[in-house]
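Printed here is data.txt (compact mmCIF, C-alpha atoms and all ligand atoms):
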# COMPACT_ATOMS: atom_id res chain seq x y z
CA MET A 28 33.41 95.54 39.91
CA VAL A 29 36.73 97.19 39.21
CA ASP A 30 37.44 98.61 35.76
CA ALA A 31 40.78 96.91 35.22
CA VAL A 32 39.06 93.48 35.46
CA VAL A 33 42.18 91.26 35.55
CA SER A 34 45.89 91.96 35.19
CA GLN A 35 48.49 89.94 33.31
CA SER A 36 49.91 88.68 36.62
CA ASP A 37 46.40 87.52 37.65
CA ILE A 38 46.20 85.53 34.41
CA GLU A 39 49.63 84.01 35.02
CA ALA A 40 48.74 83.05 38.62
CA TYR A 41 45.47 81.48 37.46
CA ARG A 42 47.31 79.46 34.79
CA ARG A 43 49.94 78.31 37.28
CA ASP A 44 47.73 77.54 40.30
CA GLY A 45 44.32 76.83 38.77
CA ALA A 46 42.69 79.15 41.30
CA ILE A 47 43.05 82.81 42.15
CA CYS A 48 41.54 85.17 44.69
CA LEU A 49 40.78 88.61 43.23
CA ARG A 50 40.42 91.24 45.95
CA GLY A 51 37.62 93.78 45.80
CA ALA A 52 36.38 92.52 42.45
CA VAL A 53 32.68 93.00 43.21
CA SER A 54 31.54 96.51 44.07
CA PRO A 55 29.27 97.25 47.07
CA ARG A 56 26.49 98.08 44.59
CA TRP A 57 26.66 94.65 42.93
CA LEU A 58 27.02 92.94 46.30
CA ALA A 59 23.75 94.53 47.40
CA VAL A 60 22.08 93.27 44.23
CA LEU A 61 23.37 89.73 44.83
CA GLU A 62 22.30 89.82 48.48
CA ALA A 63 18.75 90.78 47.53
CA GLY A 64 18.59 87.93 45.00
CA PHE A 65 20.12 85.49 47.47
CA GLU A 66 17.57 86.25 50.17
CA MET A 67 14.79 85.74 47.64
CA ASN A 68 16.27 82.36 46.64
CA LEU A 69 16.77 81.24 50.26
CA SER A 70 13.30 82.17 51.37
CA ALA A 71 11.66 80.40 48.43
CA PRO A 72 13.77 77.41 47.36
CA GLY A 73 12.72 76.03 44.00
CA GLU A 74 12.22 72.54 42.71
CA LYS A 75 15.93 71.92 42.09
CA ALA A 76 17.06 72.87 45.59
CA SER A 77 19.06 70.39 47.69
CA ILE A 78 18.92 70.95 51.44
CA PHE A 79 21.04 69.05 53.96
CA HIS A 80 20.28 69.46 57.64
CA ALA A 81 22.93 69.42 60.34
CA ASP A 82 21.48 66.19 61.72
CA GLY A 83 22.23 64.43 58.43
CA SER A 84 18.68 64.37 57.10
CA ALA A 85 18.17 65.86 53.71
CA PHE A 86 15.59 67.06 51.28
CA VAL A 87 16.02 67.18 47.54
CA GLY A 88 13.78 69.21 45.25
CA VAL A 89 10.67 67.63 43.87
CA ASP A 90 11.96 67.20 40.33
CA ASP A 91 14.74 64.85 41.38
CA ALA A 92 12.80 61.62 41.11
CA GLU A 93 15.89 59.42 41.03
CA ASN A 94 17.11 60.61 44.40
CA ARG A 95 13.96 61.54 46.22
CA SER A 96 13.51 58.11 47.70
CA ARG A 97 16.97 58.19 49.31
CA TYR A 98 16.11 61.00 51.67
CA THR A 99 14.04 60.79 54.79
CA GLY A 100 14.13 64.36 56.05
CA ARG A 101 11.97 67.25 55.03
CA ALA A 102 13.16 70.78 54.47
CA ASP A 103 13.10 72.68 57.74
CA LEU A 104 14.46 76.11 56.93
CA SER A 105 14.82 77.06 60.60
CA VAL A 106 17.69 74.69 61.45
CA PRO A 107 21.35 74.87 60.31
CA ARG A 108 21.58 73.62 56.79
CA PHE A 109 23.64 73.41 53.65
CA MET A 110 21.58 74.37 50.69
CA GLY A 111 22.34 74.56 47.00
CA GLU A 112 20.18 75.41 44.06
CA PRO A 113 21.07 75.84 40.39
CA ASP A 114 19.89 78.27 37.76
CA ARG A 115 17.50 80.62 39.52
CA TRP A 116 18.85 83.45 37.35
CA HIS A 117 15.97 82.74 35.01
CA ASP A 118 13.41 83.98 37.56
CA ILE A 119 15.42 86.13 40.00
CA PRO A 120 16.02 89.45 38.23
CA GLU A 121 18.90 90.47 40.52
CA PHE A 122 20.86 87.36 39.54
CA ARG A 123 20.18 87.97 35.87
CA SER A 124 21.29 91.59 35.91
CA PHE A 125 24.47 90.73 37.79
CA LEU A 126 25.35 87.99 35.30
CA VAL A 127 24.52 90.04 32.23
CA GLU A 128 25.54 93.57 33.22
CA SER A 129 28.48 93.19 35.60
CA PRO A 130 31.97 92.28 34.31
CA VAL A 131 31.81 88.80 35.93
CA ALA A 132 31.72 86.99 32.58
CA GLU A 133 34.55 89.12 31.24
CA ILE A 134 36.70 88.23 34.26
CA ALA A 135 36.02 84.55 33.57
CA GLY A 136 36.71 84.88 29.85
CA ARG A 137 39.97 86.76 30.30
CA LEU A 138 41.30 84.35 32.93
CA MET A 139 40.38 81.37 30.74
CA GLY A 140 42.27 83.00 27.85
CA ALA A 141 39.11 82.68 25.77
CA ALA A 142 37.55 85.02 23.23
CA LYS A 143 34.09 84.42 24.76
CA ALA A 144 32.47 83.16 27.94
CA ASN A 145 29.29 81.08 27.89
CA LEU A 146 27.38 80.87 31.15
CA PHE A 147 27.14 77.15 31.82
CA LEU A 148 25.60 77.09 35.29
CA GLN A 149 24.62 79.49 38.06
CA GLU A 150 24.21 78.21 41.61
CA ILE A 151 23.80 79.38 45.15
CA LEU A 152 25.61 77.57 47.95
CA PHE A 153 24.51 78.37 51.47
CA LYS A 154 26.29 76.96 54.52
CA ASP A 155 24.66 77.95 57.77
CA ALA A 156 26.78 78.41 60.88
CA GLY A 157 27.05 74.88 62.24
CA ALA A 158 26.03 73.12 59.01
CA GLN A 159 28.44 70.20 59.13
CA THR A 160 28.05 68.88 55.58
CA PRO A 161 31.49 68.99 53.94
CA THR A 162 32.10 69.29 50.21
CA PRO A 163 34.56 66.44 49.49
CA TRP A 164 37.68 67.07 47.38
CA HIS A 165 36.67 66.98 43.72
CA GLN A 166 37.13 68.49 40.28
CA ASP A 167 34.12 70.11 38.64
CA MET A 168 34.66 68.90 35.08
CA PRO A 169 33.87 65.19 35.63
CA PHE A 170 30.40 66.30 36.79
CA PHE A 171 29.75 68.31 33.67
CA PRO A 172 28.58 67.06 30.25
CA MET A 173 31.40 68.64 28.30
CA GLU A 174 35.08 68.47 27.44
CA GLY A 175 37.70 71.15 27.07
CA GLU A 176 40.21 73.16 29.07
CA GLN A 177 38.63 76.61 29.11
CA THR A 178 36.19 76.14 31.96
CA CYS A 179 36.00 77.99 35.23
CA THR A 180 33.91 78.78 38.27
CA VAL A 181 33.56 82.23 39.81
CA TRP A 182 32.96 81.80 43.56
CA ILE A 183 31.53 84.95 45.13
CA PRO A 184 31.01 84.91 48.91
CA LEU A 185 28.59 87.46 50.34
CA ASP A 186 29.87 86.93 53.90
CA PRO A 187 33.39 86.97 55.36
CA VAL A 188 35.27 83.75 54.66
CA ILE A 189 37.67 82.26 57.21
CA PRO A 190 39.32 78.81 57.23
CA GLU A 191 36.41 77.34 59.24
CA ASN A 192 33.90 78.12 56.49
CA GLY A 193 36.14 78.47 53.45
CA ILE A 194 37.11 76.53 50.35
CA GLU A 195 40.54 75.15 49.54
CA TYR A 196 42.52 74.10 46.49
CA ALA A 197 45.47 71.87 45.64
CA ALA A 198 47.58 74.39 43.71
CA GLY A 199 48.46 73.29 40.19
CA SER A 200 46.17 70.23 40.27
CA HIS A 201 44.46 71.35 37.05
CA LEU A 202 47.75 70.53 35.29
CA TRP A 203 48.04 66.95 36.59
CA GLY A 204 46.31 65.59 33.48
CA LYS A 205 43.85 63.62 35.61
CA SER A 206 40.11 63.31 35.59
CA TYR A 207 38.77 62.11 38.93
CA LEU A 208 35.73 59.94 39.40
CA PRO A 209 32.77 62.20 40.17
CA LEU A 210 31.72 60.99 43.61
CA ASP A 211 28.16 61.44 44.74
CA MET A 212 28.44 64.46 47.07
CA GLU A 213 25.70 63.10 49.30
CA ASP A 214 27.10 59.58 49.38
CA PRO A 215 30.83 59.56 48.57
CA ALA A 216 30.84 55.75 48.52
CA ALA A 217 28.83 56.01 45.30
CA HIS A 218 29.54 57.93 42.14
CA TYR A 219 27.62 59.56 39.37
CA GLY A 220 27.30 57.79 36.06
CA THR A 221 27.86 54.17 35.22
CA ASP A 222 30.86 54.52 32.92
CA VAL A 223 33.91 54.83 35.17
CA SER A 224 36.50 54.26 32.43
CA GLY A 225 39.03 57.05 32.07
CA TYR A 226 38.66 58.25 35.66
CA ASP A 227 41.11 57.94 38.53
CA ARG A 228 40.19 57.98 42.20
CA ALA A 229 40.94 61.42 43.64
CA PRO A 230 43.91 61.40 46.04
CA ASP A 231 43.06 61.87 49.70
CA ILE A 232 44.47 65.37 50.00
CA ASP A 233 43.60 65.65 53.69
CA ARG A 234 45.87 62.71 54.53
CA MET A 235 48.81 64.18 52.63
CA ARG A 236 48.36 67.90 53.00
CA GLU A 237 52.06 68.55 53.55
CA ALA A 238 52.77 67.10 50.09
CA HIS A 239 50.71 69.84 48.43
CA ARG A 240 50.55 73.58 48.28
CA ILE A 241 47.07 74.22 49.65
CA LEU A 242 45.42 77.50 48.71
CA LEU A 243 42.97 78.85 51.29
CA TRP A 244 42.09 82.51 51.49
CA ASP A 245 40.53 84.72 54.16
CA MET A 246 38.06 86.79 52.18
CA ALA A 247 35.93 89.88 52.68
CA PRO A 248 32.69 90.47 50.76
CA GLY A 249 33.76 91.79 47.35
CA ASP A 250 36.68 89.34 47.04
CA ILE A 251 36.12 86.46 44.63
CA ILE A 252 37.81 83.21 43.68
CA VAL A 253 38.01 81.95 40.12
CA HIS A 254 38.98 78.29 39.75
CA HIS A 255 39.70 76.05 36.76
CA GLY A 256 37.33 73.18 35.96
CA TYR A 257 40.08 70.62 36.66
CA ALA A 258 41.31 72.23 39.90
CA LEU A 259 40.98 69.80 42.80
CA HIS A 260 39.10 71.52 45.61
CA GLY A 261 36.98 70.87 48.67
CA ALA A 262 35.32 72.64 51.58
CA PRO A 263 34.81 71.49 55.16
CA GLY A 264 31.52 71.78 57.00
CA ASN A 265 30.97 75.23 58.42
CA THR A 266 32.33 75.02 61.98
CA SER A 267 32.32 78.80 62.39
CA ALA A 268 29.66 80.91 64.07
CA GLN A 269 28.86 82.71 60.83
CA ARG A 270 26.81 81.65 57.85
CA ARG A 271 28.43 81.61 54.43
CA ARG A 272 26.41 82.59 51.38
CA THR A 273 28.13 82.04 48.05
CA PHE A 274 26.91 82.96 44.58
CA VAL A 275 28.57 80.80 41.95
CA SER A 276 28.67 81.19 38.17
CA ARG A 277 30.41 78.73 35.88
CA TYR A 278 31.68 79.44 32.37
CA THR A 279 33.03 77.75 29.29
CA GLY A 280 35.33 79.20 26.63
CA ASP A 281 36.15 78.56 22.96
CA ASP A 282 37.58 75.04 23.19
CA VAL A 283 34.69 73.41 25.10
CA ARG A 284 32.40 70.91 23.40
CA TYR A 285 29.17 69.35 24.65
CA HIS A 286 29.44 65.65 25.60
CA GLY A 287 26.27 64.57 27.35
CA ALA A 288 26.50 60.87 26.50
CA ARG A 289 28.91 59.79 29.24
CA HIS A 290 26.90 61.43 32.00
CA GLN A 291 24.09 59.37 33.40
CA ARG A 292 22.84 61.77 36.02
CA LEU A 293 23.73 65.29 35.06
CA ALA A 294 23.34 65.19 31.32
CA PRO A 295 19.60 64.49 31.38
CA ALA A 296 19.13 67.74 33.27
CA MET A 297 20.93 69.48 30.43
CA ALA A 298 19.36 67.51 27.58
CA HIS A 299 16.99 70.37 26.88
CA CYS A 300 19.96 72.34 25.56
CA GLY A 301 19.47 70.40 22.32
CA LEU A 302 23.20 70.26 21.53
CA ALA A 303 24.60 67.34 19.55
CA GLU A 304 27.59 65.39 20.86
CA GLY A 305 30.75 67.36 20.15
CA ALA A 306 28.96 70.62 19.41
CA PRO A 307 30.29 73.98 20.62
CA MET A 308 28.40 75.19 23.68
CA ASP A 309 26.59 78.09 22.02
CA CYS A 310 22.84 77.75 22.55
CA GLU A 311 20.05 79.35 24.54
CA THR A 312 20.78 77.20 27.60
CA PHE A 313 24.46 78.25 27.70
CA PRO A 314 24.33 81.86 26.48
CA VAL A 315 27.41 83.87 25.60
CA HIS A 316 27.65 86.51 28.34
CA TRP A 317 30.94 87.99 27.15
CA PRO A 318 31.44 89.78 24.89
CA ALA A 319 27.97 91.26 25.47
O1 LIG B 1 31.19 76.28 48.41
C1 LIG B 1 31.42 75.09 48.64
O2 LIG B 1 31.27 74.61 49.75
C2 LIG B 1 31.91 74.20 47.53
C3 LIG B 1 31.92 74.89 46.20
C4 LIG B 1 32.38 74.06 45.06
O3 LIG B 1 32.83 72.95 45.19
C5 LIG B 1 32.25 74.64 43.72
O4 LIG B 1 31.69 75.74 43.59
O5 LIG B 1 32.73 74.01 42.75
Rewrite the coordinates I just gave you, this time as structure tokens.
Ligand SMILES: O=C(O)CCC(=O)C(=O)O
Amino acid sequence: MVDAVVSQSDIEAYRRDGAICLRGAVSPRWLAVLEAGFEMNLSAPGEKASIFHADGSAFVGVDDAENRSRYTGRADLSVPRFMGEPDRWHDIPEFRSFLVESPVAEIAGRLMGAAKANLFLQEILFKDAGAQTPTPWHQDMPFFPMEGEQTCTVWIPLDPVIPENGIEYAAGSHLWGKSYLPLDMEDPAAHYGTDVSGYDRAPDIDRMREAHRILLWDMAPGDIIVHHGYALHGAPGNTSAQRRRTFVSRYTGDDVRYHGARHQRLAPAMAHCGLAEGAPMDCETFPVHWPA
């Protein structure tokens, strides 16, 4: 990572657009560490992995009892797939050392304008060449059992990113004052949770692209994106000939409070954090990674 971390103009661009691409933010040394961890994760998916095959069949990790019955496919790691898995930093040392020792949490904290950054979630997202599963337009916050403004995701691709395998943002959407219904990524006709009050339906950005400033960056390994928890974003299926491996870490700042009660699906997975409704995020499950 670079020493300067983030400049004042980076902070201003992040505040204005809700997403920023920082060039060359991860050093070759840290990239090699992440690559080693990623290969370990890919070759041995854990019990929380979700795997979607190009033919539409899917496999969800064994601990997901609620959803297991909805899927007919089995994991076949030899065919194009979209795979995600959360929180392997607990058992993959390379992920842990990157999160704890690199300036990634500091970058998040400074962009959020926070005095601290708690790691909320670490994930890998792997889109094989030809894996057609899109990520529909969404905000992250409605999926998460918390409230507040200082939340962000650091999106770190380990492969070149081009429009055919990239991620895009509606600039400024984090300032619209909206919270969009968290659609089920695997079945966008459904949605997570039973309490839909307070949510709007997300606008169909793809049908009105000219009405928005869409942010979409070509990226080289080492470049990263940081996006706000309320930034509206989506990613098409990977129609390119190259796979796209992305390491993702998500952070909360000072103003975020735990609110598990309104989440029917995600909160139970986080219930072990032991936080009371309305509590600050500080706990073993969401450790403060910056300042160290
Ligand atoms: O990488 C992708 O395809 C989607 C990522 C995303 O939506 C996120 O990290 O919040």
Practice item. Just give me the gap between atom CA of Pro113 of chain A and atom CA of Ala306 of chain A in Å, one decimal is fine. Key: 23.0 Å
Review point. Do you know which residues are at most 9 Å from segment 262-273 of chain A counting only C-alpha atoms, after dropping those on the same chain fewer than 4 positions away, and could you put them as a PyMOL selection string?
Key: chain A and resi 62+65+109+150-164+182-196
Check your understanding: Looking at all atoms listed in the file, which of A:Met110, A:Ala71, A:Val127, A:Leu202 is the one that sits closest to ligand LIG 1 (chain B)?
Key -> A:Met110
Review point. Of the residues A:Arg108, A:His286, A:His239, A:Lys205, which is the one nearest to Gly225 of chain A, using all atoms listed in the file?
Key: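 Counting all atoms listed in the file, the residue closest to Gly225 of chain A is A:Lys205.
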Point to revise | d(atom CA of Ile251 of chain A, atom CA of Leu148 of chain A) in Å | key: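 Between these atoms lies a distance of 16.9 Å.
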Practice item. Choose the residue, out of A:Phe274, A:Phe125, A:Trp57, A:Tyr226, that has the smallest atom-to-atom separation from ligand LIG 1 (chain B); count only C-alpha atoms and all ligand atoms. Key: A:Phe274
